[in-house]
Every structure is written in structure tokens, then in C-alpha cells.
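In what follows, a structure is listed as C-alpha cells, so that the remarks can point back to it.
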Amino acid sequence: MKYAFFPGCVSQGGAPELYPAARMVCDRMGIELEEITGWTCTGAGVIQEKNQLFGDTLNARNFAKAEQMGLPIMTICSTCQGVMSQANHRMRNPEYLAEINSHLAEEGLEYSGDSEPKHLLWILIEDYGLDRLGALITRPLNELKIAPFYGCYIVRPTEALDIAEHPERQQSLEMLIQLLGATLVDFEGKTRCCGFPILTINQRNSMAMVGKHTSEVKDLGADAMVTPCPLCHLNLDGFQPKAASQARRSIDLPILHMPQLIGLAMGMSPNELGLKRHIVSTGPLEVKMRGR
Amino acid sequence: MDVTIRVKRQDPEAQDERRRPYWQEYPVTIADNATVLDALIQIREDDDGTLSLRCSCRSAICGSCAMRINGHAGLACKTIANTVVQNGVITVEPAGVMPVVKDLVVNFDMFWEKIEAVDPYLKHMGQEPEGEYIVSNDAMLHLSSVTACIMCGACVSDCTVLEVDPTFLGPAALAKAYRFTADPRDGDAEGVSMERLWGLSEPTGIWDCTRCNECVQACPKGVAPMDRIMAMREQAIQAGYDNNNGARHTDAFTESVGHSGRLDELRLPIKSVGMMNLPALMDYMPVAFRAMRRGKMPPIMHQNVENVEAVRRIFNRTQPEPASPQVSNNSPFG
Ligand code: SF4
Ligand code: SF4
Ligand code: SF4
Ligand code: SF4
Ligand code: FES
């Protein structure tokens, strides 16, 4: 199995622990990753709000490059996934696609419109198979209680994400948590927004969102929250201390990247998975794992 | 079809424990093509006359029956029950954000206050035209997708910002505002609604939205409030209201990617809160320090992607007319 890999800026910038963790886990599964050379940002929805054509053309450029490689695309970021899917959805309109291709021609690129970029989370279920992944679990996380947090863009809008054809995508994170042996801590906020996009615009509201979700899950007894979105991770982990002080309480809920949780269940050590790089200490979780 | 309707009930005026929310389950037998509203009405008629809900048209026109079905807002009369059964159960709750009057009925006061706050009527600036206003078909067709709003409140119910901040104008009122900013008759002779866009650029307005898409998903009429909010951000920037964190953030982001192909995360907060806004910048410092200690900071030397010239050419080619400043090698992101 081989994919054209689209890591996204955040997995190499603000959340650099994600990139190697994703690679290690894919390695163990025998999934080969070839990074798309010269890929650009998807626009994160931000560029689209100012200039949709520019944002969508950037995505078409990435897709066209993957087509040249002859490989399907893998992402490891909910936001990238959502923005790619939305752009792709718009490009189902042949006129729009032709306009976009006219801007790619100069670089000798052309996008057919047929790519289906997929998040690693979806690939595990739809392409790889949970049975196969289950066979690689050597260290089931039986003692851990884990809450899911999707990130808006991988659950909405459902039309662009082809949820009708793939209803299991709405349960994917819960299925994964249970497959890894952990106890699922379900909560309503799992598909809500973490508040990252308004971090520099209305920090108070952004922190209120972080505080709401993390403290709710903490109070339900979760040991950690897992997310397939590095932007959510930035906000939920990096700004959790600030959210806690705004909420006038302690929270201390470790936030794990999805590949880190999988890696732990494959017997990889917290250190090699980069857990030390998190802002909220994962110490208590590690102690719990050792104490079995 | 046999199904259990699980209803979140509450009677804030009751003297006993029913004051607080509680769940009640009603097993019902309904027709295969019954809506969730049909099932609720059947319960009220046959099983439990104390169950309160609001409805009128039963055909997705009046906007009375918005509620949360399996956790997400929608119209009960537009939702076919057998499409939302989960393990034999349909979970029904009152709409979110607005206070519960009783059971599935919520108080819409805040909804209407916000609609009122955006002055929901045409405001022409300057001289009135002598004859009638002539508006193009295209402009009206475009507006018809927004005027389709039936004021049901589904979008407000699920808005992630309103959930934490009741001062936000919210999706329904902002979509309503767009109905005027996009109307050629509103605003100045060019149809630019300067005054509105100025007001909407203030806190609680267009820049406070998180772009979470909940309202787009919830709206039963395809109004897509978030898309309207994004369109107003563009209108506001075009009208020159770009001296705020939100507009600076969008500009800085687009510029960074247009110049280097990727996002320069380190400079983004500096650019988006403004170089001169020291107190706000200081606010990010503790986090930045913590991040640095953990080796999390993005690379200081922001690198360009391979063949970045191609990206810059695409950026320049896709600029709307009138052209925004071109990206050159002298850009501050250099
Ligand atoms: S959307 Fe975000 S994570 Fe994805 S490439 Fe752009 S900045 Fe990076
Ligand atoms: S939860 Fe926030 S950061 Fe995560 S995808 Fe949604 S908007 Fe982005
Ligand atoms: S997209 Fe904006 S307006 Fe719509 S629900 Fe989310 S925060 Fe509210
Ligand atoms: S925008 Fe849509 S969801 Fe919101 S009030 Fe109008 S019809 Fe209802
Ligand atoms: S009863 Fe009128 S919209 Fe549902």
C-alpha cells in the first residue's frame, strides 16, 4: 500500500511531534508514504474566505502532483482533509475545474478532478481494515479511558465529505479507540469546534471552547482526549493552561494525536512518539500504563 | 415501524424535580413515512398530553418545529423518522442556546433581538432615485437563497460561538445582514453598504465566527449562514474595514501562503494582532515560551516550497479585479 503523503504545515510546524509519529505508525502497518514534493498549504479555509479561486487552485495543484505520482492522497489533519474535500467538491463543476486548470497549465500540471484525498483515520477503516490493524495491537490500552475529538472539518459539511456514502466516517474515531482496547468516553462536544480559528480574534471565546470540552471530558473521568486534527491539538493542548485559568479550575487533560494513541497500542514508547513535547503533561497517563 | 422516542423534558416553572431536565421514553408505532413531528404529535395526542412542542405548517415553511434530533438541530417536520433511528431510538431535545420554556419549546427573544440588531430593512444612502429601483435578475436570484430563511433558529441552536458567548450576533442575524449588504439597493449608489459593514466588523460581528460549519449543516433551507459571513468578510475588506485582528489574520495568512506556499505560523499572530498591539501580543508570550521549552516552535527560518515561483504566479493570476497589491520578492515575508 502506498500513498502520496500530504503532511500539512502544522504537523511540521506547531505540532512537530505528529509527523514522525504518523510515519512510524504507517511504517509498522506497511503503508508506504511518498511526500508530495513542493506541496502547498490547503488554505485552511482562511484563504478561501478571501480568495476561493486561489485557495482551490492550490489544492488542485497538490492533487495534480499526486496524480503524476499515480498515488492516492493521505492527509493527517482534519482541517486539511475538510478543505481538500470542499475544494474537490467544488471542482466537480467542469467549468470551474477548467478555469483552475488554466492557472495550472503554466507549470505543466493538470488535475482530472478524480482524486479522493483521505485522512489516515479513514484509510485505516476503508482501505487498510480494522482487522489488520487489530492484529498489530501488542499493547492494548485496556486501562485507559479515552475521549474522541474530531475537529469540525472532518465532520462538516457532510455533503463535501461524502458522509452519505461512508456513514462509518462519523463513528470512525470511536471505533478506533475501542479497537485499541481503551474505554470510550463519549461526549456531545466531540464534533464541536475547539475554537482555534478565532484564537487571535476573540481569545476569550476560543478559551471558553477549549475549557468547555476539556473540562467536560475530564469530569467524565477520561485519561486523555485523542484528535486527528493538529490544529485542535494546538488549541486543546497548547492553550489548555490558559483556558483553565479563565475557567478558574484545573483541567490537566492530556491531548494525544491519533497516531500517538495507535503507536502506544503498538507498543511504541511515549518518548519516541513525542509525548514529551506536549504542553499538558502526559505523565499521569504514562504512570497508569506502567502500573498495570 | 416500532420506535422509541427519547425526549429531553423540562418544566422550569414546576415545583418538583421536573424543574430540571430529565429524559422520558415513549415507545410508538408509526407509519414508515412518518416524520419525527408526526411521532411527537401522536405521542401528545395518544399518550401524554403534557408533552409541549411547537409546530404549525408541518411542511417546512413556518419555522416552528426546530429542535435537536440525535444531537443536531433540524426541523422535526422535515425529518423522516426512519432515516434517523439509531438502535431503535430517536433522541429529541429542545433547540440549544435559547432558554427552555417547556420541553421542546424554547424562548426566541434573543433570536429576534439579534435580527433586530442588524436593521433588517433596506437603507439607501444618499439621494433616492427618481423612479423605481431597477435590480437585475441575477442579483435577485442570488438573494433568493438567503431570503429563503424561515427564521426557525436551527442554526442559532447549534452555533458553537453562541454556546459560549450570547453577545455574538449569530448565524441567522448575520445571514439576514448579508441579505442587505448583497442587495444593490442597500448602501451607496454602488450598492456598497459601508455603514453596515463597518458595524458588522466590530466585535460580536462577522469576525467572531469560528467557521465551524454547524449552521450550514443545520439549516433546512440551504441558507448557508457561514458562507454569507465569509462573503461579508470579503465585502468588509474590500470596503476598507481591514484594521482588525480578523482581517489582518486573513490577509497575513493569504500573503504567507501566496509568497512561500506554506503558512508561516510564527509570524501569523504577530501580523494578525498587529505589530503595535503590544498587550495582545504579550498575551501569546507565555504560550510561546512554554512551546519553545518543549521544542514545539515552528522553524524560525521559514522556507519556501520547491518551485515557489509557480505558486506566486498562481497567486498573482487569481487575484480578483481590481488587483490587490502583487506579491513580489520584496514582500515583508521575504
Ligand atoms: S490547512 Fe493547516 S495544517 Fe493544512 S496545510 Fe494548511 S496550514 Fe497546514
Ligand atoms: S475544531 Fe477548530 S481547529 Fe479543529 S478543525 Fe474545527 S475549527 Fe479547525
Ligand atoms: S460557522 Fe460561525 S455562525 Fe455558523 S455556527 Fe459556526 S460559529 Fe456559528
Ligand atoms: S438561516 Fe436557516 S437555520 Fe437559520 S433561521 Fe434561517 S432557515 Fe433557520
Ligand atoms: S411545522 Fe412548520 S416548519 Fe416544521
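Quick note on naming: the chains in the C-alpha cells go A, B, ... in the order shown, residues restart at 1 in each chain, and ligands are numbered from 1 in order of appearance.
Residues in contact with Ile100 in chain A at up to 10 Å, not including ones fewer than 2 positions away on its chain and judged by only C-alpha atoms, are A:Leu53, A:Phe54, A:Asp56, A:Thr57, A:Leu58, A:Asn59, A:Ala60, A:Arg61, A:Met91, A:Pro94, A:Glu95, A:Tyr96, A:Leu97, A:Ala98, A:Ser102, A:His103, A:Leu104, A:Ala105, A:Glu110, A:Tyr111, B:Ile314, B:Thr318.
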Residues of chain B that approach ligand 3 to 12 Å or less, counting only C-alpha atoms and all ligand atoms: could you list each one with the shortest pair of atoms and its distance in Å to one decimal, rows by chain and increasing residue number, as CSV?
```
residue,atom,partner,partner_atom_place_in_ligand_line,distance
B:His72,CA,ligand 3,5 (S),11.7
B:Ala73,CA,ligand 3,5 (S),11.1
B:Gly96,CA,ligand 3,5 (S),11.6
B:Val97,CA,ligand 3,8 (Fe),11.2
B:Gly153,CA,ligand 3,5 (S),11.1
B:Ala154,CA,ligand 3,5 (S),9.7
B:Cys155,CA,ligand 3,5 (S),6.2
B:Val156,CA,ligand 3,5 (S),6.9
B:Ser157,CA,ligand 3,5 (S),8.4
B:Asp158,CA,ligand 3,5 (S),6.0
B:Cys159,CA,ligand 3,5 (S),3.4
B:Thr160,CA,ligand 3,7 (S),5.1
B:Val161,CA,ligand 3,7 (S),4.8
B:Leu162,CA,ligand 3,8 (Fe),6.7
B:Glu163,CA,ligand 3,8 (Fe),8.8
B:Val164,CA,ligand 3,7 (S),10.3
B:Asp165,CA,ligand 3,7 (S),10.4
B:Pro166,CA,ligand 3,8 (Fe),11.1
B:Thr167,CA,ligand 3,8 (Fe),12.0
B:Phe168,CA,ligand 3,8 (Fe),8.6
B:Leu169,CA,ligand 3,3 (S),8.4
B:Gly170,CA,ligand 3,3 (S),5.2
B:Pro171,CA,ligand 3,3 (S),4.0
B:Ala172,CA,ligand 3,3 (S),7.8
B:Ala173,CA,ligand 3,3 (S),9.3
B:Leu174,CA,ligand 3,3 (S),7.8
B:Ala175,CA,ligand 3,3 (S),8.9
B:Lys176,CA,ligand 3,3 (S),11.9
B:Thr204,CA,ligand 3,3 (S),10.7
B:Gly205,CA,ligand 3,3 (S),9.6
B:Ile206,CA,ligand 3,3 (S),8.3
B:Trp207,CA,ligand 3,2 (Fe),9.0
B:Asp208,CA,ligand 3,7 (S),7.3
B:Cys209,CA,ligand 3,2 (Fe),3.8
B:Thr210,CA,ligand 3,7 (S),4.4
B:Arg211,CA,ligand 3,1 (S),3.9
B:Cys212,CA,ligand 3,6 (Fe),4.0
B:Asn213,CA,ligand 3,1 (S),4.3
B:Glu214,CA,ligand 3,5 (S),4.4
B:Cys215,CA,ligand 3,5 (S),4.1
B:Val216,CA,ligand 3,4 (Fe),6.6
B:Gln217,CA,ligand 3,5 (S),8.7
B:Ala218,CA,ligand 3,5 (S),8.5
B:Cys219,CA,ligand 3,4 (Fe),9.8
B:Val223,CA,ligand 3,4 (Fe),11.0
B:Ala224,CA,ligand 3,4 (Fe),8.2
B:Pro225,CA,ligand 3,4 (Fe),6.1
B:Met226,CA,ligand 3,1 (S),4.6
B:Asp227,CA,ligand 3,1 (S),8.0
B:Arg228,CA,ligand 3,3 (S),9.4
B:Ile229,CA,ligand 3,3 (S),7.4
B:Met230,CA,ligand 3,1 (S),9.1
```
(message) List as a ChimeraX atom specification the protein and nucleic acid residues near range 270-280 of chain A, meaning an atom at most 6 Å away when only C-alpha atoms are counted, but skip any in the same chain fewer than 2 places from it.
(response) /A:17,21,237-238,254,260 /B:294
Hey, which residues sit close to ligand 1? Say within 8 Å, counting only C-alpha atoms and all ligand atoms, and write them as a PDB file with N, CA, C and O atoms, in the first residue's frame.
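So the final result, stored in pocket.pdb, reads:
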```pdb
ATOM      1  N   PRO A   7       1.457  16.030   4.413  1.00  0.00           N
ATOM      2  CA  PRO A   7       1.552  16.150   5.876  1.00  0.00           C
ATOM      3  C   PRO A   7       0.872  17.395   6.441  1.00  0.00           C
ATOM      4  O   PRO A   7       0.409  17.373   7.586  1.00  0.00           O
ATOM      5  N   GLY A   8       0.773  18.467   5.665  1.00  0.00           N
ATOM      6  CA  GLY A   8       0.193  19.712   6.201  1.00  0.00           C
ATOM      7  C   GLY A   8       1.221  20.481   6.997  1.00  0.00           C
ATOM      8  O   GLY A   8       2.138  19.910   7.589  1.00  0.00           O
ATOM      9  N   CYS A   9       1.079  21.800   7.010  1.00  0.00           N
ATOM     10  CA  CYS A   9       2.077  22.657   7.679  1.00  0.00           C
ATOM     11  C   CYS A   9       2.184  22.373   9.168  1.00  0.00           C
ATOM     12  O   CYS A   9       3.267  22.386   9.746  1.00  0.00           O
ATOM     13  N   VAL A  10       1.050  22.156   9.808  1.00  0.00           N
ATOM     14  CA  VAL A  10       1.055  22.106  11.262  1.00  0.00           C
ATOM     15  C   VAL A  10       1.801  20.883  11.785  1.00  0.00           C
ATOM     16  O   VAL A  10       2.448  20.930  12.828  1.00  0.00           O
ATOM     17  N   SER A  11       1.750  19.777  11.046  1.00  0.00           N
ATOM     18  CA  SER A  11       2.450  18.581  11.524  1.00  0.00           C
ATOM     19  C   SER A  11       3.963  18.776  11.456  1.00  0.00           C
ATOM     20  O   SER A  11       4.722  17.963  11.968  1.00  0.00           O
ATOM     21  N   THR A  40       1.725  22.630  -1.279  1.00  0.00           N
ATOM     22  CA  THR A  40       1.434  23.895  -0.591  1.00  0.00           C
ATOM     23  C   THR A  40       0.297  23.690   0.395  1.00  0.00           C
ATOM     24  O   THR A  40      -0.411  22.684   0.339  1.00  0.00           O
ATOM     25  N   CYS A  41       0.139  24.658   1.247  1.00  0.00           N
ATOM     26  CA  CYS A  41      -0.981  24.675   2.193  1.00  0.00           C
ATOM     27  C   CYS A  41      -2.307  24.573   1.445  1.00  0.00           C
ATOM     28  O   CYS A  41      -2.433  25.033   0.310  1.00  0.00           O
ATOM     29  N   THR A  42      -3.288  23.976   2.102  1.00  0.00           N
ATOM     30  CA  THR A  42      -4.628  23.863   1.508  1.00  0.00           C
ATOM     31  C   THR A  42      -5.376  25.190   1.548  1.00  0.00           C
ATOM     32  O   THR A  42      -6.410  25.339   0.912  1.00  0.00           O
ATOM     33  N   GLY A  43      -4.875  26.130   2.355  1.00  0.00           N
ATOM     34  CA  GLY A  43      -5.564  27.403   2.529  1.00  0.00           C
ATOM     35  C   GLY A  43      -6.367  27.461   3.818  1.00  0.00           C
ATOM     36  O   GLY A  43      -6.820  28.525   4.224  1.00  0.00           O
ATOM     37  N   ALA A  44      -6.558  26.274   4.434  1.00  0.00           N
ATOM     38  CA  ALA A  44      -7.174  26.190   5.761  1.00  0.00           C
ATOM     39  C   ALA A  44      -8.547  26.843   5.840  1.00  0.00           C
ATOM     40  O   ALA A  44      -9.051  27.095   6.917  1.00  0.00           O
ATOM     41  N   GLY A  45      -9.166  27.122   4.699  1.00  0.00           N
ATOM     42  CA  GLY A  45     -10.452  27.805   4.735  1.00  0.00           C
ATOM     43  C   GLY A  45     -10.287  29.309   4.889  1.00  0.00           C
ATOM     44  O   GLY A  45     -11.194  30.081   4.595  1.00  0.00           O
ATOM     45  N   CYS A  77      -4.496  15.557   8.901  1.00  0.00           N
ATOM     46  CA  CYS A  77      -5.023  16.748   9.558  1.00  0.00           C
ATOM     47  C   CYS A  77      -6.491  16.904   9.159  1.00  0.00           C
ATOM     48  O   CYS A  77      -6.815  16.910   7.975  1.00  0.00           O
ATOM     49  N   THR A  79      -8.349  19.470   9.317  1.00  0.00           N
ATOM     50  CA  THR A  79      -8.586  20.709   8.587  1.00  0.00           C
ATOM     51  C   THR A  79      -8.172  20.552   7.134  1.00  0.00           C
ATOM     52  O   THR A  79      -8.922  20.901   6.221  1.00  0.00           O
ATOM     53  N   CYS A  80      -6.970  20.007   6.898  1.00  0.00           N
ATOM     54  CA  CYS A  80      -6.550  19.764   5.521  1.00  0.00           C
ATOM     55  C   CYS A  80      -7.581  18.903   4.813  1.00  0.00           C
ATOM     56  O   CYS A  80      -7.971  19.180   3.681  1.00  0.00           O
ATOM     57  N   GLN A  81      -8.012  17.828   5.493  1.00  0.00           N
ATOM     58  CA  GLN A  81      -8.986  16.926   4.884  1.00  0.00           C
ATOM     59  C   GLN A  81     -10.243  17.685   4.451  1.00  0.00           C
ATOM     60  O   GLN A  81     -10.696  17.559   3.320  1.00  0.00           O
ATOM     61  N   VAL A  83     -10.753  20.940   3.999  1.00  0.00           N
ATOM     62  CA  VAL A  83     -10.558  21.968   2.980  1.00  0.00           C
ATOM     63  C   VAL A  83     -10.333  21.319   1.617  1.00  0.00           C
ATOM     64  O   VAL A  83     -10.859  21.765   0.598  1.00  0.00           O
ATOM     65  N   PRO A 230      -4.281  18.327  14.063  1.00  0.00           N
ATOM     66  CA  PRO A 230      -3.202  19.007  14.795  1.00  0.00           C
ATOM     67  C   PRO A 230      -3.556  20.433  15.203  1.00  0.00           C
ATOM     68  O   PRO A 230      -2.992  20.957  16.170  1.00  0.00           O
ATOM     69  N   LEU A 231      -4.500  21.063  14.503  1.00  0.00           N
ATOM     70  CA  LEU A 231      -4.908  22.407  14.909  1.00  0.00           C
ATOM     71  C   LEU A 231      -5.718  22.340  16.199  1.00  0.00           C
ATOM     72  O   LEU A 231      -5.537  23.146  17.117  1.00  0.00           O
TER      73      LEU A 231
ATOM     74  N   ARG B 262       3.509  27.993   1.924  1.00  0.00           N
ATOM     75  CA  ARG B 262       3.048  27.421   3.189  1.00  0.00           C
ATOM     76  C   ARG B 262       2.826  28.518   4.201  1.00  0.00           C
ATOM     77  O   ARG B 262       3.145  29.675   3.986  1.00  0.00           O
ATOM     78  N   LEU B 263       2.333  28.080   5.338  1.00  0.00           N
ATOM     79  CA  LEU B 263       1.988  29.023   6.375  1.00  0.00           C
ATOM     80  C   LEU B 263       3.195  29.299   7.265  1.00  0.00           C
ATOM     81  O   LEU B 263       3.890  28.390   7.680  1.00  0.00           O
TER      82      LEU B 263
END
```
(request) Write out as a VMD selection string each polymer residue whose atoms come within 10 Å of Ala147 in chain A, counting only C-alpha atoms; drop sequence neighbours fewer than 4 positions from it. (result) chain A and resid 173 to 174 177 182 to 187 189 to 190 214 217 to 218 220 to 227 255
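The residues sitting within 7 Å of ligand 2, with only C-alpha atoms and all ligand atoms considered, come out as Ser78, Thr79, Gly151, Cys152, Tyr153, Arg192, Cys193, Cys194, Gly195, Phe196, Pro197, Cys229, Leu231 and Cys232 of chain A; Thr210, Arg211 and Cys212 of chain B.
The binding environment of ligand 5, defined as every protein, DNA or RNA residue with an atom no more than 6 Å away and counting only C-alpha atoms and all ligand atoms, comprises Cys55, Ser56, Cys57, Arg58, Ser59, Ala60, Ile61, Cys62, Gly63, Ser64, Cys65, Leu75, Ala76 and Cys77 of chain B.
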Residues of range 50-85 of chain B that have any atom at most 7 Å from an atom of range 99-105 of chain B: could you tabulate them with the shortest-distance atom pair and the distance in Å to one decimal, using only C-alpha atoms, ordered by chain and increasing number, as JSON lines?
```
{"residue": "B:Leu51", "atom": "CA", "partner": "B:Asp103", "partner_atom": "CA", "distance": 6.7}
{"residue": "B:Ser52", "atom": "CA", "partner": "B:Asp103", "partner_atom": "CA", "distance": 5.5}
{"residue": "B:Leu53", "atom": "CA", "partner": "B:Leu104", "partner_atom": "CA", "distance": 4.9}
{"residue": "B:Arg54", "atom": "CA", "partner": "B:Val105", "partner_atom": "CA", "distance": 6.1}
{"residue": "B:Met67", "atom": "CA", "partner": "B:Leu104", "partner_atom": "CA", "distance": 6.9}
```
(request) Provide the CA of Leu285 in chain A to CA of His233 in chain A distance in Å, to one decimal place. (result)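 Taking CA of Leu285 in chain A as the start and CA of His233 in chain A as the end point, the length is 16.9 Å.
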(message) If you run DSSP on the backbone here, which positions in range 3-137 of chain B get helix (DSSP H, G or I)? Please write them as a ChimeraX atom specification.
(response) /B:17-19,36-47,76-78,81-83,109-117,137
(request) Using DSSP on the backbone coordinates, identify the residues of range 32-181 of chain B assigned to strand (DSSP E or B); present them as a ChimeraX atom specification. (result) /B:35,66-69,72-75,80,86,89-93,100-102,105-106,124
(request) Counting only C-alpha atoms, figure out which residue out of B:Asp188, B:Asp38, B:Glu93, B:Glu309 gets nearest to Arg6 in chain B. (result) B:Glu93
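Among B:Asn70, B:Thr35, B:Thr29, B:Thr147, the residue with the shortest atom-to-atom distance to chain A, counting only C-alpha atoms, is B:Asn70.
Relative to CA of Glu188 in chain A, CA of Val28 in chain B is found at 25.9 Å.
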(request) Might you pull out every residue within 12 Å of Gln203 in chain A, with only C-alpha atoms counted and same-chain residues fewer than 2 positions away left off, and present them as a PyMOL selection string? (result) (chain A and resi 194-201+205-211+235+239+242-243+246) or (chain B and resi 161+164-165+203+207-208+210+245-246+269+273+280-281+283-284)
(request) Excluding Leu180 in chain A and residues on its chain fewer than 5 positions from it, collect all residues at most 8 Å away from it, counting only C-alpha atoms, and give them as a PyMOL selection string. (result) chain A and resi 134+137+140-141+262+265
(request) Could you please determine the separation between CA of Asn51 in chain A and CA of Ala252 in chain B in Å, to one decimal place? (result) 12.9 Å
Which residues are near Leu161 in chain A? Cut-off 10 Å, only C-alpha atoms, ignore same chain within fewer than 5 positions. Put them as a PDB file with C-alpha atoms, in the first residue's frame.
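Below you can see selection-v5.pdb, which holds the result:
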```pdb
ATOM      1  CA  GLN A  81      -8.986  16.926   4.884  1.00  0.00           C
ATOM      2  CA  GLY A  82     -12.010  19.182   5.080  1.00  0.00           C
ATOM      3  CA  VAL A  83     -10.558  21.968   2.980  1.00  0.00           C
ATOM      4  CA  MET A  84      -9.356  19.488   0.338  1.00  0.00           C
ATOM      5  CA  SER A  85     -12.735  17.765   0.237  1.00  0.00           C
ATOM      6  CA  GLN A  86     -14.576  21.064  -0.087  1.00  0.00           C
ATOM      7  CA  ASN A  88     -12.647  18.903  -4.623  1.00  0.00           C
ATOM      8  CA  HIS A  89     -16.408  19.094  -4.254  1.00  0.00           C
ATOM      9  CA  GLU A 116     -10.169  11.323  -3.363  1.00  0.00           C
ATOM     10  CA  LYS A 118      -8.300  10.676   2.605  1.00  0.00           C
ATOM     11  CA  TYR A 153     -13.677  19.985   9.116  1.00  0.00           C
ATOM     12  CA  ILE A 154     -13.652  16.192   9.145  1.00  0.00           C
ATOM     13  CA  VAL A 155     -17.336  16.003  10.099  1.00  0.00           C
ATOM     14  CA  ARG A 156     -18.946  19.023   8.377  1.00  0.00           C
ATOM     15  CA  HIS A 166     -19.459   6.481   4.085  1.00  0.00           C
ATOM     16  CA  ARG A 169     -16.812   8.081   8.958  1.00  0.00           C
TER      17      ARG A 169
END
```
(request) Choose the residue, out of A:Arg90, A:Lys50, A:Arg132, A:Lys65, that has the smallest atom-to-atom separation from chain B; count only C-alpha atoms. (result)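 Distance minimum relative to chain B lands on A:Lys50.
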